[in-house]
file input-v7.txt (compact mmCIF, C-alpha atoms)
# COMPACT_ATOMS: atom_id res chain seq x y z
CA MET A 1 -3.81 -13.66 -23.27
CA ASN A 2 -1.02 -14.85 -25.54
CA LEU A 3 2.31 -13.05 -25.85
CA GLY A 4 1.24 -11.19 -29.00
CA GLU A 5 -1.87 -9.83 -27.27
CA ILE A 6 0.14 -8.85 -24.21
CA THR A 7 2.79 -7.07 -26.32
CA LYS A 8 0.11 -5.13 -28.17
CA SER A 9 -1.67 -4.17 -24.93
CA MET A 10 1.62 -3.07 -23.31
CA GLN A 11 2.11 -0.55 -26.13
CA GLU A 12 -1.16 1.13 -25.17
CA LEU A 13 0.07 1.72 -21.62
CA ASN A 14 2.28 4.48 -20.28
CA ASN A 15 5.50 3.08 -18.81
CA TRP A 16 4.16 -0.05 -17.19
CA ALA A 17 6.62 -2.95 -17.04
CA LEU A 18 5.94 -6.60 -17.66
CA GLU A 19 7.20 -8.79 -14.81
CA SER A 20 6.49 -12.49 -15.28
CA SER A 21 2.69 -12.74 -15.18
CA THR A 22 2.07 -9.23 -13.83
CA ILE A 23 2.28 -5.63 -15.01
CA VAL A 24 3.87 -3.16 -12.59
CA LYS A 25 4.37 0.58 -12.32
CA GLU A 26 5.92 2.95 -9.80
CA TYR A 27 4.49 6.43 -9.31
CA GLU A 28 6.37 9.17 -7.53
CA LEU A 29 4.14 11.76 -5.87
CA GLU A 30 5.08 14.91 -3.94
CA ASN A 31 4.59 13.48 -0.46
CA PHE A 32 2.76 10.88 1.63
CA SER A 33 -0.51 12.81 1.63
CA GLN A 34 -0.58 12.98 -2.18
CA ALA A 35 0.32 9.30 -2.37
CA ILE A 36 -2.75 8.43 -0.27
CA ASP A 37 -4.93 10.77 -2.38
CA PHE A 38 -3.72 8.88 -5.44
CA VAL A 39 -4.55 5.54 -3.77
CA ASN A 40 -8.08 6.79 -3.10
CA LYS A 41 -8.49 7.54 -6.81
CA ILE A 42 -7.16 4.07 -7.65
CA LYS A 43 -9.77 2.67 -5.24
CA GLU A 44 -12.60 4.20 -7.31
CA ILE A 45 -11.25 2.62 -10.50
CA ALA A 46 -10.62 -0.74 -8.82
CA GLU A 47 -14.11 -0.87 -7.35
CA LYS A 48 -15.73 0.14 -10.64
CA HIS A 49 -13.96 -2.71 -12.44
CA ASN A 50 -14.09 -5.08 -9.46
CA HIS A 51 -10.39 -5.64 -10.08
CA HIS A 52 -7.86 -4.60 -7.47
CA PRO A 53 -4.14 -3.95 -7.90
CA ASP A 54 -1.71 -4.76 -5.13
CA ILE A 55 -0.60 -1.37 -3.81
CA THR A 56 2.54 -0.50 -1.85
CA ILE A 57 3.02 3.00 -0.44
CA GLN A 58 6.49 4.09 0.67
CA TYR A 59 6.09 7.72 1.72
CA ASN A 60 5.72 9.48 -1.69
CA VAL A 61 6.09 6.41 -3.90
CA VAL A 62 3.16 4.21 -4.92
CA PHE A 63 3.99 0.85 -6.47
CA LEU A 64 1.24 -1.07 -8.30
CA VAL A 65 1.03 -4.70 -9.39
CA LEU A 66 -1.79 -5.97 -11.60
CA THR A 67 -2.57 -9.56 -12.49
CA THR A 68 -5.68 -11.75 -12.60
CA HIS A 69 -5.22 -14.40 -9.92
CA SER A 70 -8.36 -16.29 -10.99
CA ALA A 71 -6.91 -16.67 -14.51
CA GLY A 72 -3.37 -17.41 -13.36
CA GLY A 73 -1.96 -14.50 -15.37
CA LEU A 74 -2.72 -11.32 -17.28
CA THR A 75 -6.14 -10.62 -18.76
CA GLU A 76 -7.79 -7.66 -20.47
CA LYS A 77 -9.07 -6.55 -17.06
CA ASP A 78 -5.50 -5.77 -15.99
CA PHE A 79 -4.92 -3.56 -19.01
CA GLU A 80 -8.29 -1.81 -18.65
CA VAL A 81 -7.53 -0.90 -15.05
CA ALA A 82 -3.93 0.13 -15.87
CA LYS A 83 -5.16 2.40 -18.67
CA GLU A 84 -7.63 4.14 -16.37
CA ILE A 85 -4.99 4.63 -13.69
CA ASP A 86 -2.69 6.18 -16.32
CA LYS A 87 -5.41 8.76 -17.00
CA ILE A 88 -5.51 9.98 -13.39
CA SER A 89 -1.80 9.79 -12.65
CA PHE A 90 0.51 12.77 -12.76
CA LYS A 91 3.17 11.02 -14.83
CA MET B 92 16.80 2.03 21.38
CA ASN B 93 18.61 -0.89 22.95
CA LEU B 94 17.22 -4.42 22.99
CA GLY B 95 15.79 -4.05 26.50
CA GLU B 96 13.89 -0.93 25.51
CA ILE B 97 12.62 -2.58 22.33
CA THR B 98 11.47 -5.69 24.21
CA LYS B 99 9.60 -3.56 26.73
CA SER B 100 7.96 -1.48 24.01
CA MET B 101 6.95 -4.60 22.05
CA GLN B 102 4.97 -5.78 25.07
CA GLU B 103 2.85 -2.64 24.92
CA LEU B 104 1.81 -3.41 21.33
CA ASN B 105 -0.90 -5.73 20.08
CA ASN B 106 0.56 -8.51 17.90
CA TRP B 107 3.23 -6.57 16.08
CA ALA B 108 6.30 -8.62 15.14
CA LEU B 109 9.94 -7.60 15.32
CA GLU B 110 11.74 -8.15 12.02
CA SER B 111 15.38 -7.09 12.05
CA SER B 112 15.23 -3.30 12.53
CA THR B 113 11.51 -2.92 11.83
CA ILE B 114 8.17 -3.73 13.46
CA VAL B 115 5.53 -5.25 11.19
CA LYS B 116 1.84 -6.14 11.40
CA GLU B 117 -0.72 -7.60 9.03
CA TYR B 118 -4.37 -6.55 9.29
CA GLU B 119 -7.17 -8.46 7.66
CA LEU B 120 -10.21 -6.35 6.76
CA GLU B 121 -13.52 -7.37 5.18
CA ASN B 122 -12.72 -6.22 1.64
CA PHE B 123 -10.66 -3.78 -0.46
CA SER B 124 -12.88 -0.82 0.34
CA GLN B 125 -12.45 -1.32 4.10
CA ALA B 126 -8.71 -1.79 3.58
CA ILE B 127 -8.51 1.64 1.93
CA ASP B 128 -10.67 3.18 4.67
CA PHE B 129 -8.20 1.78 7.19
CA VAL B 130 -5.27 3.24 5.22
CA ASN B 131 -6.96 6.66 5.31
CA LYS B 132 -7.14 6.43 9.10
CA ILE B 133 -3.46 5.44 9.21
CA LYS B 134 -2.73 8.50 7.08
CA GLU B 135 -4.18 10.81 9.77
CA ILE B 136 -1.98 9.22 12.44
CA ALA B 137 1.11 9.25 10.22
CA GLU B 138 0.67 12.91 9.32
CA LYS B 139 0.04 13.89 12.95
CA HIS B 140 3.30 12.24 14.02
CA ASN B 141 5.14 13.09 10.78
CA HIS B 142 6.15 9.43 10.71
CA HIS B 143 4.95 7.19 7.90
CA PRO B 144 4.75 3.41 7.81
CA ASP B 145 5.34 1.50 4.60
CA ILE B 146 1.90 0.19 3.62
CA THR B 147 1.04 -2.70 1.32
CA ILE B 148 -2.59 -3.41 0.37
CA GLN B 149 -3.51 -6.78 -1.12
CA TYR B 150 -7.28 -6.69 -1.55
CA ASN B 151 -8.48 -7.02 2.08
CA VAL B 152 -5.07 -7.32 3.75
CA VAL B 153 -3.02 -4.32 4.90
CA PHE B 154 0.60 -4.96 5.79
CA LEU B 155 2.51 -2.29 7.75
CA VAL B 156 6.24 -1.81 8.32
CA LEU B 157 7.57 0.79 10.75
CA THR B 158 11.16 1.87 11.23
CA THR B 159 13.03 5.16 11.53
CA HIS B 160 15.25 5.44 8.45
CA SER B 161 16.97 8.59 9.74
CA ALA B 162 18.04 6.71 12.88
CA GLY B 163 18.92 3.48 11.08
CA GLY B 164 16.52 1.46 13.20
CA LEU B 165 13.64 1.54 15.67
CA THR B 166 12.87 4.59 17.77
CA GLU B 167 10.07 5.61 20.14
CA LYS B 168 8.32 7.22 17.17
CA ASP B 169 7.72 3.79 15.66
CA PHE B 170 6.10 2.50 18.83
CA GLU B 171 4.00 5.66 19.28
CA VAL B 172 2.57 5.32 15.77
CA ALA B 173 2.06 1.53 16.15
CA LYS B 174 0.17 2.07 19.41
CA GLU B 175 -2.15 4.62 17.82
CA ILE B 176 -2.81 2.35 14.84
CA ASP B 177 -3.68 -0.46 17.26
CA LYS B 178 -6.37 1.79 18.76
CA ILE B 179 -8.16 2.26 15.44
CA SER B 180 -7.72 -1.24 14.09
CA PHE B 181 -10.41 -3.91 14.26
CA LYS B 182 -8.08 -6.58 15.59
call {"tool": "encode", "arguments": {"input": "input-v7.txt", "output": "structure tokens"}}
result
Amino acid sequence: MNLGEITKSMQELNNWALESSTIVKEYELENFSQAIDFVNKIKEIAEKHNHHPDITIQYNVVFLVLTTHSAGGLTEKDFEVAKEIDKISFK
Amino acid sequence: MNLGEITKSMQELNNWALESSTIVKEYELENFSQAIDFVNKIKEIAEKHNHHPDITIQYNVVFLVLTTHSAGGLTEKDFEVAKEIDKISFK
């Protein structure tokens, strides 16, 4: 994707940040248990799209990183998955 | 815990590494789905002990970090949880 495409796609997302060749977002849940529940929902989306974010869980915080390693940068797949995760997230 | 206690406790673990005031371990699973299954098992242990590792999932790799923030370093709780995770892990 070129910068124009990326900028346009970013506008369709809810509070994701562009960091070099990745998009990232931090979600704050109520507690560890809810964080893991959220990760299980992300799993369903990731498996459906066969595209898997890097996920870090620190108690109630879930940090996601999306990029397409095989393409060496961002692709439409990243934005599709991000958009679906936005739909299930609490904020 | 003093260094002697930590050294002794490390010997009771299976391939965890000491990194400053944390213990860390990387697990390689078959795929993303198995990685999430493993994280769900870790959740049960963490909730039982009310002690929660930091967890990073990168497709089939699960990276764990244990420390006791409230104590500013390692405590017996970290080693208890690590030992239980070793019991459920594949390697």
call {"tool": "calpha_fit_and_write", "arguments": {"input": "input-v7.txt", "fixed": "chain B", "moving": "chain A", "output": "PDB file with C-alpha atoms, keeping the file's coordinate frame"}}
result
ATOM      1  CA  MET A   1      16.808   2.027  21.355  1.00  0.00           C
ATOM      2  CA  ASN A   2      18.615  -0.897  22.947  1.00  0.00           C
ATOM      3  CA  LEU A   3      17.223  -4.430  22.972  1.00  0.00           C
ATOM      4  CA  GLY A   4      15.801  -4.061  26.489  1.00  0.00           C
ATOM      5  CA  GLU A   5      13.883  -0.922  25.500  1.00  0.00           C
ATOM      6  CA  ILE A   6      12.621  -2.571  22.330  1.00  0.00           C
ATOM      7  CA  THR A   7      11.473  -5.695  24.218  1.00  0.00           C
ATOM      8  CA  LYS A   8       9.606  -3.567  26.738  1.00  0.00           C
ATOM      9  CA  SER A   9       7.966  -1.466  24.003  1.00  0.00           C
ATOM     10  CA  MET A  10       6.944  -4.596  22.048  1.00  0.00           C
ATOM     11  CA  GLN A  11       4.973  -5.791  25.086  1.00  0.00           C
ATOM     12  CA  GLU A  12       2.850  -2.645  24.921  1.00  0.00           C
ATOM     13  CA  LEU A  13       1.816  -3.411  21.342  1.00  0.00           C
ATOM     14  CA  ASN A  14      -0.896  -5.722  20.076  1.00  0.00           C
ATOM     15  CA  ASN A  15       0.555  -8.501  17.918  1.00  0.00           C
ATOM     16  CA  TRP A  16       3.236  -6.571  16.100  1.00  0.00           C
ATOM     17  CA  ALA A  17       6.300  -8.613  15.136  1.00  0.00           C
ATOM     18  CA  LEU A  18       9.918  -7.592  15.323  1.00  0.00           C
ATOM     19  CA  GLU A  19      11.731  -8.151  12.020  1.00  0.00           C
ATOM     20  CA  SER A  20      15.371  -7.073  12.058  1.00  0.00           C
ATOM     21  CA  SER A  21      15.230  -3.296  12.539  1.00  0.00           C
ATOM     22  CA  THR A  22      11.504  -2.918  11.830  1.00  0.00           C
ATOM     23  CA  ILE A  23       8.180  -3.732  13.469  1.00  0.00           C
ATOM     24  CA  VAL A  24       5.518  -5.243  11.207  1.00  0.00           C
ATOM     25  CA  LYS A  25       1.850  -6.149  11.403  1.00  0.00           C
ATOM     26  CA  GLU A  26      -0.733  -7.593   9.036  1.00  0.00           C
ATOM     27  CA  TYR A  27      -4.369  -6.541   9.292  1.00  0.00           C
ATOM     28  CA  GLU A  28      -7.165  -8.462   7.647  1.00  0.00           C
ATOM     29  CA  LEU A  29     -10.194  -6.346   6.762  1.00  0.00           C
ATOM     30  CA  GLU A  30     -13.508  -7.372   5.182  1.00  0.00           C
ATOM     31  CA  ASN A  31     -12.714  -6.213   1.657  1.00  0.00           C
ATOM     32  CA  PHE A  32     -10.677  -3.798  -0.463  1.00  0.00           C
ATOM     33  CA  SER A  33     -12.892  -0.821   0.345  1.00  0.00           C
ATOM     34  CA  GLN A  34     -12.449  -1.325   4.101  1.00  0.00           C
ATOM     35  CA  ALA A  35      -8.717  -1.789   3.608  1.00  0.00           C
ATOM     36  CA  ILE A  36      -8.502   1.635   1.929  1.00  0.00           C
ATOM     37  CA  ASP A  37     -10.671   3.186   4.680  1.00  0.00           C
ATOM     38  CA  PHE A  38      -8.202   1.784   7.197  1.00  0.00           C
ATOM     39  CA  VAL A  39      -5.273   3.247   5.218  1.00  0.00           C
ATOM     40  CA  ASN A  40      -6.953   6.658   5.316  1.00  0.00           C
ATOM     41  CA  LYS A  41      -7.130   6.433   9.113  1.00  0.00           C
ATOM     42  CA  ILE A  42      -3.456   5.426   9.215  1.00  0.00           C
ATOM     43  CA  LYS A  43      -2.726   8.508   7.082  1.00  0.00           C
ATOM     44  CA  GLU A  44      -4.170  10.802   9.782  1.00  0.00           C
ATOM     45  CA  ILE A  45      -1.970   9.206  12.449  1.00  0.00           C
ATOM     46  CA  ALA A  46       1.119   9.238  10.221  1.00  0.00           C
ATOM     47  CA  GLU A  47       0.668  12.894   9.332  1.00  0.00           C
ATOM     48  CA  LYS A  48       0.051  13.886  12.952  1.00  0.00           C
ATOM     49  CA  HIS A  49       3.313  12.233  14.010  1.00  0.00           C
ATOM     50  CA  ASN A  50       5.146  13.080  10.779  1.00  0.00           C
ATOM     51  CA  HIS A  51       6.157   9.425  10.705  1.00  0.00           C
ATOM     52  CA  HIS A  52       4.960   7.192   7.898  1.00  0.00           C
ATOM     53  CA  PRO A  53       4.754   3.398   7.810  1.00  0.00           C
ATOM     54  CA  ASP A  54       5.339   1.511   4.596  1.00  0.00           C
ATOM     55  CA  ILE A  55       1.904   0.201   3.618  1.00  0.00           C
ATOM     56  CA  THR A  56       1.039  -2.705   1.323  1.00  0.00           C
ATOM     57  CA  ILE A  57      -2.579  -3.397   0.375  1.00  0.00           C
ATOM     58  CA  GLN A  58      -3.491  -6.776  -1.112  1.00  0.00           C
ATOM     59  CA  TYR A  59      -7.264  -6.672  -1.547  1.00  0.00           C
ATOM     60  CA  ASN A  60      -8.477  -7.016   2.096  1.00  0.00           C
ATOM     61  CA  VAL A  61      -5.069  -7.326   3.750  1.00  0.00           C
ATOM     62  CA  VAL A  62      -3.029  -4.330   4.901  1.00  0.00           C
ATOM     63  CA  PHE A  63       0.602  -4.961   5.793  1.00  0.00           C
ATOM     64  CA  LEU A  64       2.515  -2.293   7.747  1.00  0.00           C
ATOM     65  CA  VAL A  65       6.236  -1.804   8.320  1.00  0.00           C
ATOM     66  CA  LEU A  66       7.565   0.800  10.749  1.00  0.00           C
ATOM     67  CA  THR A  67      11.159   1.873  11.225  1.00  0.00           C
ATOM     68  CA  THR A  68      13.024   5.176  11.518  1.00  0.00           C
ATOM     69  CA  HIS A  69      15.237   5.434   8.444  1.00  0.00           C
ATOM     70  CA  SER A  70      16.960   8.592   9.723  1.00  0.00           C
ATOM     71  CA  ALA A  71      18.044   6.705  12.870  1.00  0.00           C
ATOM     72  CA  GLY A  72      18.930   3.485  11.067  1.00  0.00           C
ATOM     73  CA  GLY A  73      16.535   1.456  13.223  1.00  0.00           C
ATOM     74  CA  LEU A  74      13.647   1.540  15.670  1.00  0.00           C
ATOM     75  CA  THR A  75      12.866   4.599  17.769  1.00  0.00           C
ATOM     76  CA  GLU A  76      10.075   5.613  20.134  1.00  0.00           C
ATOM     77  CA  LYS A  77       8.308   7.229  17.173  1.00  0.00           C
ATOM     78  CA  ASP A  78       7.717   3.783  15.664  1.00  0.00           C
ATOM     79  CA  PHE A  79       6.092   2.508  18.838  1.00  0.00           C
ATOM     80  CA  GLU A  80       3.987   5.657  19.285  1.00  0.00           C
ATOM     81  CA  VAL A  81       2.585   5.322  15.779  1.00  0.00           C
ATOM     82  CA  ALA A  82       2.057   1.543  16.147  1.00  0.00           C
ATOM     83  CA  LYS A  83       0.161   2.070  19.407  1.00  0.00           C
ATOM     84  CA  GLU A  84      -2.161   4.617  17.814  1.00  0.00           C
ATOM     85  CA  ILE A  85      -2.818   2.353  14.841  1.00  0.00           C
ATOM     86  CA  ASP A  86      -3.690  -0.474  17.261  1.00  0.00           C
ATOM     87  CA  LYS A  87      -6.379   1.785  18.738  1.00  0.00           C
ATOM     88  CA  ILE A  88      -8.171   2.258  15.407  1.00  0.00           C
ATOM     89  CA  SER A  89      -7.742  -1.255  14.057  1.00  0.00           C
ATOM     90  CA  PHE A  90     -10.425  -3.901  14.222  1.00  0.00           C
ATOM     91  CA  LYS A  91      -8.113  -6.601  15.559  1.00  0.00           C
TER      92      LYS A  91
END
call {"tool": "closest_residue", "arguments": {"input": "input-v7.txt", "among": "B:Val153, B:Gly163, B:Gln102, B:Phe123", "to": "Ile45 (chain A)", "atoms": "all atoms listed in the file"}}
result
B:Phe123
call {"tool": "interface_residues", "arguments": {"input": "input-v7.txt", "of": "chain A", "to": "chain B", "cutoff": "9 Å", "atoms": "all atoms listed in the file", "output": "PyMOL selection string"}}
result
chain A and resi 32-33+36-37+39-40+43+46-47+52-59
call {"tool": "axis_aligned_box", "arguments": {"input": "input-v7.txt", "around": "region 128-138 of chain B", "padding_each_side": "6 Å", "output": "JSON"}}
result
{"center_x": -4.8, "center_y": 7.3, "center_z": 8.6, "size_x": 23.8, "size_y": 23.1, "size_z": 19.8}
call {"tool": "residues_around", "arguments": {"input": "input-v7.txt", "residues": "Leu13 (chain A)", "least_positions_apart": "5", "cutoff": "12 Å", "atoms": "all atoms listed in the file", "output": "PyMOL selection string"}}
result
chain A and resi 6-8+18+23-25+78-87+91
call {"tool": "atom_distance", "arguments": {"input": "input-v7.txt", "atom1": "CA of Leu120 (chain B)", "atom2": "CA of Lys48 (chain A)"}}
result
19.4 Å
call {"tool": "atom_distance", "arguments": {"input": "input-v7.txt", "atom1": "CA of Thr67 (chain A)", "atom2": "CA of Ser21 (chain A)"}}
result
6.7 Å
call {"tool": "atom_distance", "arguments": {"input": "input-v7.txt", "atom1": "CA of Met92 (chain B)", "atom2": "CA of Thr166 (chain B)"}}
result
5.9 Å
